[in-house]
Amino acid sequence: MKALFGFHMPNYTHPGVPNEGLFDRVVHQAKAAEKAGFDLVTVMDHLYQIRGIGPETDPMLEAYTTLSALAASTSRVKLGTLVTGVTYRNPAILAKQVTTLDVISNGRAILGIGAAWNEDEHRGYGVEFPPIGQRMDRLDEALTIAKLMFTEDRPSFEGKYYRIDRALNVPRPIQAGGPKILIGGTGEKRTLRLLAQHGDIGHWFGGPIEELNRKKQIFYEHCEAVKRDPSEVQLTLGAGLVLVENEKDGKAILDRLSPERRAMATVATVPQAAELIGKWIDAGFTGFTFNNNIYGTDEAIARVGELIKVVNNVRATA
C-alpha cells in the first residue's frame, strides 16, 4: 500500500495576519502542501481552539465551509477533517456535506470521523455531550448511515439515536463507493472494532513501535471477528516529527510547542526521519500526518516535501 502523507491544519493563528487575511494564509499553506507532494490536506472539526495547540480563544474556522473553499483552490490533494465529532451533526446531513465536498472537489473528499471529546465547546454551543458509551453507539449508527448514503439510492435505517427513511443523496459521490472513511482513535474495545467494521483508514498517534504493534494486533483480532481483511484498512499515524537541519533549529521549534506536544515530538533530520518512517512502514503503518503549527512556513513545508521524495523513492526501489 502506497504511503500517504497528510498536511493537517489545526492552527489558524498567524502573527500579523488580520482576520481578512486569515483564509488567504490557509489557502497558501494548502497549495504549498500540494506542491510539496502531500496527498491529503485536513482541518480540525472544532469550534474552539484545542489545548496543546493554543488557547481556546484563538481563531477557529468551521471545517466544511473551509474544506469546500479549499476544494476550489487545490487540484490534487484529498480533503477531509481530522476528525469530525459525531455529536456535532445529524449523520445524514454530514454524509450530504461530504458528498457535496466530493462533487465540488471532483472526487477528493474523505469522511474523517470520531466519537468527539471536547466538552467545553459542546457546552458553549449547547450541543449535547453524552457519556462515551452513547457517543460510541452514535458513531456506529452514523457510520452505517454514511455508508448507506454513499452507496445506495434510497436507503432507510432505524437506530436507537438516528434514522433515515428512503433518504436521497443526489448528486451522488464522484468516487465509486463514496469517499473513504477515516476513523480517528485507538480505543481498544469499540473504536478499533468500528474501524474493522466500517473504516478505510485509521488515524492513530505515533509512539513506540511495541505499543503500536500491540494496538495493531487488537485491531487484527477485531477484523477477524467481523470477517474483514485488515489489508483493506490503511493505518496512519500523527508522525510527531520535527524536521530540522541542525539541533539548534530543533530546540527553537520545540520551545514554541506546548508541553503536551513537546513530549510527543521527535527532532530529526530528513535522513533520520526517513529511517524512522521506514521502520513504521515495515511495521504496517503507511500514512503520516504533519501539522501546520510546526510546519507553518513554505520552507518548513518544503522540507517535509524532501522527506516525502526520499520515502517514496526508497519504497519504489525496494
# chains A, B, ... in the order shown; residues from 1 in each chain; ligands from 1
$ residues_around --residues "Gly284 in chain A" --least-positions-apart "5" --cutoff "9 Å" --atoms "only C-alpha atoms" --output "ChimeraX atom specification"
/A:213,216,234-235,279
$ residues_around --residues "Gln97 in chain A" --least-positions-apart "6" --cutoff "12 Å" --atoms "only C-alpha atoms" --output "number ranges by chain"
A: 63-65, 67-68, 80-81, 84, 89-91, 103-104, 109-111, 146, 149-150, 169-173, 179
$ write_last_selection --atoms "N, CA, C and O atoms" --output "compact mmCIF listing (two decimals), in the first residue's frame"
# COMPACT_ATOMS: atom_id res chain seq x y z
N ALA A 63 -15.25 23.69 9.76
CA ALA A 63 -14.49 22.75 8.96
C ALA A 63 -14.98 22.62 7.52
O ALA A 63 -14.20 22.74 6.57
N TYR A 64 -16.26 22.35 7.33
CA TYR A 64 -16.72 22.01 5.98
C TYR A 64 -16.84 23.22 5.07
O TYR A 64 -16.67 23.10 3.84
N THR A 65 -17.09 24.39 5.63
CA THR A 65 -17.01 25.61 4.84
C THR A 65 -15.59 25.80 4.34
O THR A 65 -15.36 26.12 3.16
N LEU A 67 -13.18 23.49 4.00
CA LEU A 67 -12.78 22.45 3.04
C LEU A 67 -13.37 22.70 1.66
O LEU A 67 -12.71 22.49 0.64
N SER A 68 -14.62 23.15 1.61
CA SER A 68 -15.24 23.42 0.31
C SER A 68 -14.51 24.55 -0.41
O SER A 68 -14.31 24.49 -1.63
N GLY A 80 -10.31 16.52 3.90
CA GLY A 80 -11.19 15.97 4.92
C GLY A 80 -10.91 16.57 6.29
O GLY A 80 -10.06 17.44 6.45
N THR A 81 -11.65 16.08 7.27
CA THR A 81 -11.43 16.51 8.65
C THR A 81 -10.63 15.46 9.40
O THR A 81 -10.70 14.26 9.11
N THR A 84 -14.14 14.80 12.33
CA THR A 84 -15.44 15.31 12.74
C THR A 84 -15.93 14.58 13.99
O THR A 84 -15.86 13.35 14.06
N ARG A 89 -23.23 16.93 14.23
CA ARG A 89 -24.14 17.00 13.09
C ARG A 89 -25.00 15.75 12.99
O ARG A 89 -24.54 14.65 13.27
N ASN A 90 -26.22 15.92 12.52
CA ASN A 90 -27.01 14.76 12.11
C ASN A 90 -26.20 13.99 11.07
O ASN A 90 -25.69 14.58 10.11
N PRO A 91 -26.04 12.67 11.21
CA PRO A 91 -25.14 11.93 10.31
C PRO A 91 -25.58 11.92 8.86
O PRO A 91 -24.74 11.86 7.96
N VAL A 103 -18.21 16.23 -4.74
CA VAL A 103 -18.61 16.77 -6.04
C VAL A 103 -17.82 18.04 -6.36
O VAL A 103 -17.28 18.19 -7.47
N ILE A 104 -17.73 18.94 -5.38
CA ILE A 104 -17.00 20.20 -5.60
C ILE A 104 -15.54 19.93 -5.94
O ILE A 104 -14.95 20.60 -6.81
N ALA A 109 -12.85 13.98 -1.65
CA ALA A 109 -13.29 14.07 -0.26
C ALA A 109 -12.97 12.79 0.51
O ALA A 109 -13.00 11.68 -0.04
N ILE A 110 -12.70 12.97 1.80
CA ILE A 110 -12.59 11.88 2.77
C ILE A 110 -13.51 12.23 3.93
O ILE A 110 -13.58 13.39 4.34
N LEU A 111 -14.22 11.24 4.45
CA LEU A 111 -15.01 11.43 5.67
C LEU A 111 -14.18 11.01 6.86
O LEU A 111 -13.95 9.82 7.09
N ALA A 146 -23.80 6.80 6.88
CA ALA A 146 -22.94 7.40 5.85
C ALA A 146 -22.66 6.42 4.73
O ALA A 146 -22.76 6.77 3.54
N MET A 149 -25.72 5.98 2.55
CA MET A 149 -26.00 7.13 1.70
C MET A 149 -24.96 7.30 0.59
O MET A 149 -25.24 7.87 -0.46
N PHE A 150 -23.75 6.80 0.82
CA PHE A 150 -22.73 6.83 -0.22
C PHE A 150 -22.98 5.79 -1.31
O PHE A 150 -22.54 5.95 -2.44
N ASN A 169 -29.65 11.22 -1.79
CA ASN A 169 -28.34 11.87 -1.73
C ASN A 169 -27.90 12.13 -3.17
O ASN A 169 -27.09 11.41 -3.74
N VAL A 170 -28.50 13.15 -3.77
CA VAL A 170 -28.27 13.49 -5.17
C VAL A 170 -27.78 14.93 -5.25
O VAL A 170 -28.39 15.81 -4.62
N PRO A 171 -26.65 15.18 -5.95
CA PRO A 171 -25.91 14.25 -6.79
C PRO A 171 -25.15 13.20 -5.98
O PRO A 171 -24.86 13.42 -4.81
N ARG A 172 -24.85 12.09 -6.63
CA ARG A 172 -24.12 11.01 -5.99
C ARG A 172 -22.65 11.39 -5.84
O ARG A 172 -22.15 12.27 -6.55
N PRO A 173 -21.93 10.74 -4.92
CA PRO A 173 -20.48 10.98 -4.82
C PRO A 173 -19.77 10.69 -6.13
O PRO A 173 -20.20 9.81 -6.89
N PRO A 179 -16.77 8.52 -0.69
CA PRO A 179 -15.50 8.89 -0.07
C PRO A 179 -15.04 7.84 0.93
O PRO A 179 -15.85 7.22 1.61
$ select_by_dssp --residues "range 188-305 of chain A" --states "helix (DSSP H, G or I)" --output "MDAnalysis selection string"
chainID A and resid 191:198 209:225 230:232 247:256 259:264 270:282 298:305
$ select_by_dssp --residues "range 15-182 of chain A" --states "strand (DSSP E or B)" --output "VMD selection string"
chain A and resid 40 to 43 78 to 81 84 to 85 109 to 114 157 to 158 163 to 164 180 to 182
$ write_last_selection --atoms "N, CA and C atoms" --output "PDB file, in the first residue's frame"
ATOM      1  N   LEU A  40      -2.856  14.546   1.138  1.00  0.00           N
ATOM      2  CA  LEU A  40      -4.078  14.858   1.871  1.00  0.00           C
ATOM      3  C   LEU A  40      -3.894  16.150   2.652  1.00  0.00           C
ATOM      4  N   VAL A  41      -4.911  17.008   2.640  1.00  0.00           N
ATOM      5  CA  VAL A  41      -4.946  18.196   3.495  1.00  0.00           C
ATOM      6  C   VAL A  41      -6.170  18.077   4.389  1.00  0.00           C
ATOM      7  N   THR A  42      -5.973  18.219   5.693  1.00  0.00           N
ATOM      8  CA  THR A  42      -7.073  18.088   6.647  1.00  0.00           C
ATOM      9  C   THR A  42      -7.140  19.307   7.553  1.00  0.00           C
ATOM     10  N   VAL A  43      -8.349  19.526   8.092  1.00  0.00           N
ATOM     11  CA  VAL A  43      -8.559  20.554   9.111  1.00  0.00           C
ATOM     12  C   VAL A  43      -9.245  19.897  10.301  1.00  0.00           C
ATOM     13  N   LYS A  78      -6.383  15.099  -1.524  1.00  0.00           N
ATOM     14  CA  LYS A  78      -7.624  14.729  -0.877  1.00  0.00           C
ATOM     15  C   LYS A  78      -7.904  15.751   0.234  1.00  0.00           C
ATOM     16  N   LEU A  79      -9.180  15.871   0.614  1.00  0.00           N
ATOM     17  CA  LEU A  79      -9.592  16.863   1.606  1.00  0.00           C
ATOM     18  C   LEU A  79     -10.533  16.225   2.614  1.00  0.00           C
ATOM     19  N   GLY A  80     -10.309  16.518   3.901  1.00  0.00           N
ATOM     20  CA  GLY A  80     -11.193  15.972   4.923  1.00  0.00           C
ATOM     21  C   GLY A  80     -10.912  16.566   6.286  1.00  0.00           C
ATOM     22  N   THR A  81     -11.652  16.084   7.270  1.00  0.00           N
ATOM     23  CA  THR A  81     -11.433  16.510   8.654  1.00  0.00           C
ATOM     24  C   THR A  81     -10.631  15.456   9.398  1.00  0.00           C
ATOM     25  N   THR A  84     -14.139  14.800  12.332  1.00  0.00           N
ATOM     26  CA  THR A  84     -15.440  15.308  12.739  1.00  0.00           C
ATOM     27  C   THR A  84     -15.928  14.584  13.988  1.00  0.00           C
ATOM     28  N   GLY A  85     -16.434  15.332  14.954  1.00  0.00           N
ATOM     29  CA  GLY A  85     -17.070  14.729  16.115  1.00  0.00           C
ATOM     30  C   GLY A  85     -18.480  14.297  15.765  1.00  0.00           C
ATOM     31  N   ALA A 109     -12.846  13.980  -1.652  1.00  0.00           N
ATOM     32  CA  ALA A 109     -13.286  14.069  -0.261  1.00  0.00           C
ATOM     33  C   ALA A 109     -12.974  12.791   0.506  1.00  0.00           C
ATOM     34  N   ILE A 110     -12.696  12.973   1.798  1.00  0.00           N
ATOM     35  CA  ILE A 110     -12.590  11.883   2.767  1.00  0.00           C
ATOM     36  C   ILE A 110     -13.510  12.228   3.929  1.00  0.00           C
ATOM     37  N   LEU A 111     -14.217  11.236   4.451  1.00  0.00           N
ATOM     38  CA  LEU A 111     -15.010  11.431   5.667  1.00  0.00           C
ATOM     39  C   LEU A 111     -14.179  11.007   6.859  1.00  0.00           C
ATOM     40  N   GLY A 112     -13.687  11.988   7.609  1.00  0.00           N
ATOM     41  CA  GLY A 112     -12.991  11.714   8.861  1.00  0.00           C
ATOM     42  C   GLY A 112     -13.957  11.878  10.013  1.00  0.00           C
ATOM     43  N   ILE A 113     -14.003  10.907  10.931  1.00  0.00           N
ATOM     44  CA  ILE A 113     -14.999  10.963  11.997  1.00  0.00           C
ATOM     45  C   ILE A 113     -14.499  10.226  13.237  1.00  0.00           C
ATOM     46  N   GLY A 114     -14.980  10.686  14.390  1.00  0.00           N
ATOM     47  CA  GLY A 114     -14.643  10.059  15.661  1.00  0.00           C
ATOM     48  C   GLY A 114     -15.740  10.332  16.669  1.00  0.00           C
ATOM     49  N   PHE A 157     -32.883   3.402   7.453  1.00  0.00           N
ATOM     50  CA  PHE A 157     -32.203   2.830   8.619  1.00  0.00           C
ATOM     51  C   PHE A 157     -32.926   3.321   9.863  1.00  0.00           C
ATOM     52  N   GLU A 158     -33.107   2.434  10.812  1.00  0.00           N
ATOM     53  CA  GLU A 158     -33.751   2.780  12.077  1.00  0.00           C
ATOM     54  C   GLU A 158     -32.823   2.350  13.201  1.00  0.00           C
ATOM     55  N   ARG A 163     -32.208   7.926  12.415  1.00  0.00           N
ATOM     56  CA  ARG A 163     -32.975   7.193  11.429  1.00  0.00           C
ATOM     57  C   ARG A 163     -32.960   7.963  10.121  1.00  0.00           C
ATOM     58  N   ILE A 164     -33.063   7.212   9.028  1.00  0.00           N
ATOM     59  CA  ILE A 164     -33.303   7.807   7.714  1.00  0.00           C
ATOM     60  C   ILE A 164     -34.408   7.000   7.052  1.00  0.00           C
ATOM     61  N   LYS A 180     -13.735   7.681   1.018  1.00  0.00           N
ATOM     62  CA  LYS A 180     -13.183   6.770   2.023  1.00  0.00           C
ATOM     63  C   LYS A 180     -13.495   7.311   3.417  1.00  0.00           C
ATOM     64  N   ILE A 181     -13.622   6.384   4.361  1.00  0.00           N
ATOM     65  CA  ILE A 181     -13.960   6.732   5.733  1.00  0.00           C
ATOM     66  C   ILE A 181     -12.721   6.575   6.611  1.00  0.00           C
ATOM     67  N   LEU A 182     -12.331   7.671   7.235  1.00  0.00           N
ATOM     68  CA  LEU A 182     -11.201   7.690   8.166  1.00  0.00           C
ATOM     69  C   LEU A 182     -11.757   7.782   9.586  1.00  0.00           C
TER      70      LEU A 182
END
$ closest_residue --among "A:Ala95, A:Ile218, A:Ala283, A:Val86" --to "Gln134 in chain A" --atoms "only C-alpha atoms"
A:Val86
$ residues_around --residues "range 237-247 of chain A" --least-positions-apart "5" --cutoff "10 Å" --atoms "only C-alpha atoms" --output "PyMOL selection string"
chain A and resi 4-6+8+184+202-207+212+252-254+261-273+276-277+280+285-291+294-295+300-301+303-304+307
$ atom_distance --atom1 "CA of Ala196 in chain A" --atom2 "CA of Cys223 in chain A"
5.0 Å
$ atom_distance --atom1 "CA of Ile201 in chain A" --atom2 "CA of Glu56 in chain A"
28.7 Å
$ closest_residue --among "A:His46, A:Thr100, A:Leu194, A:Ser105" --to "Asp137 in chain A" --atoms "only C-alpha atoms"
A:Leu194
$ atom_distance --atom1 "CA of Gln197 in chain A" --atom2 "CA of Gly278 in chain A"
28.0 Å
$ closest_residue --among "A:Arg193, A:Lys160, A:Lys31, A:Lys147" --to "Gln217 in chain A" --atoms "only C-alpha atoms"
A:Arg193
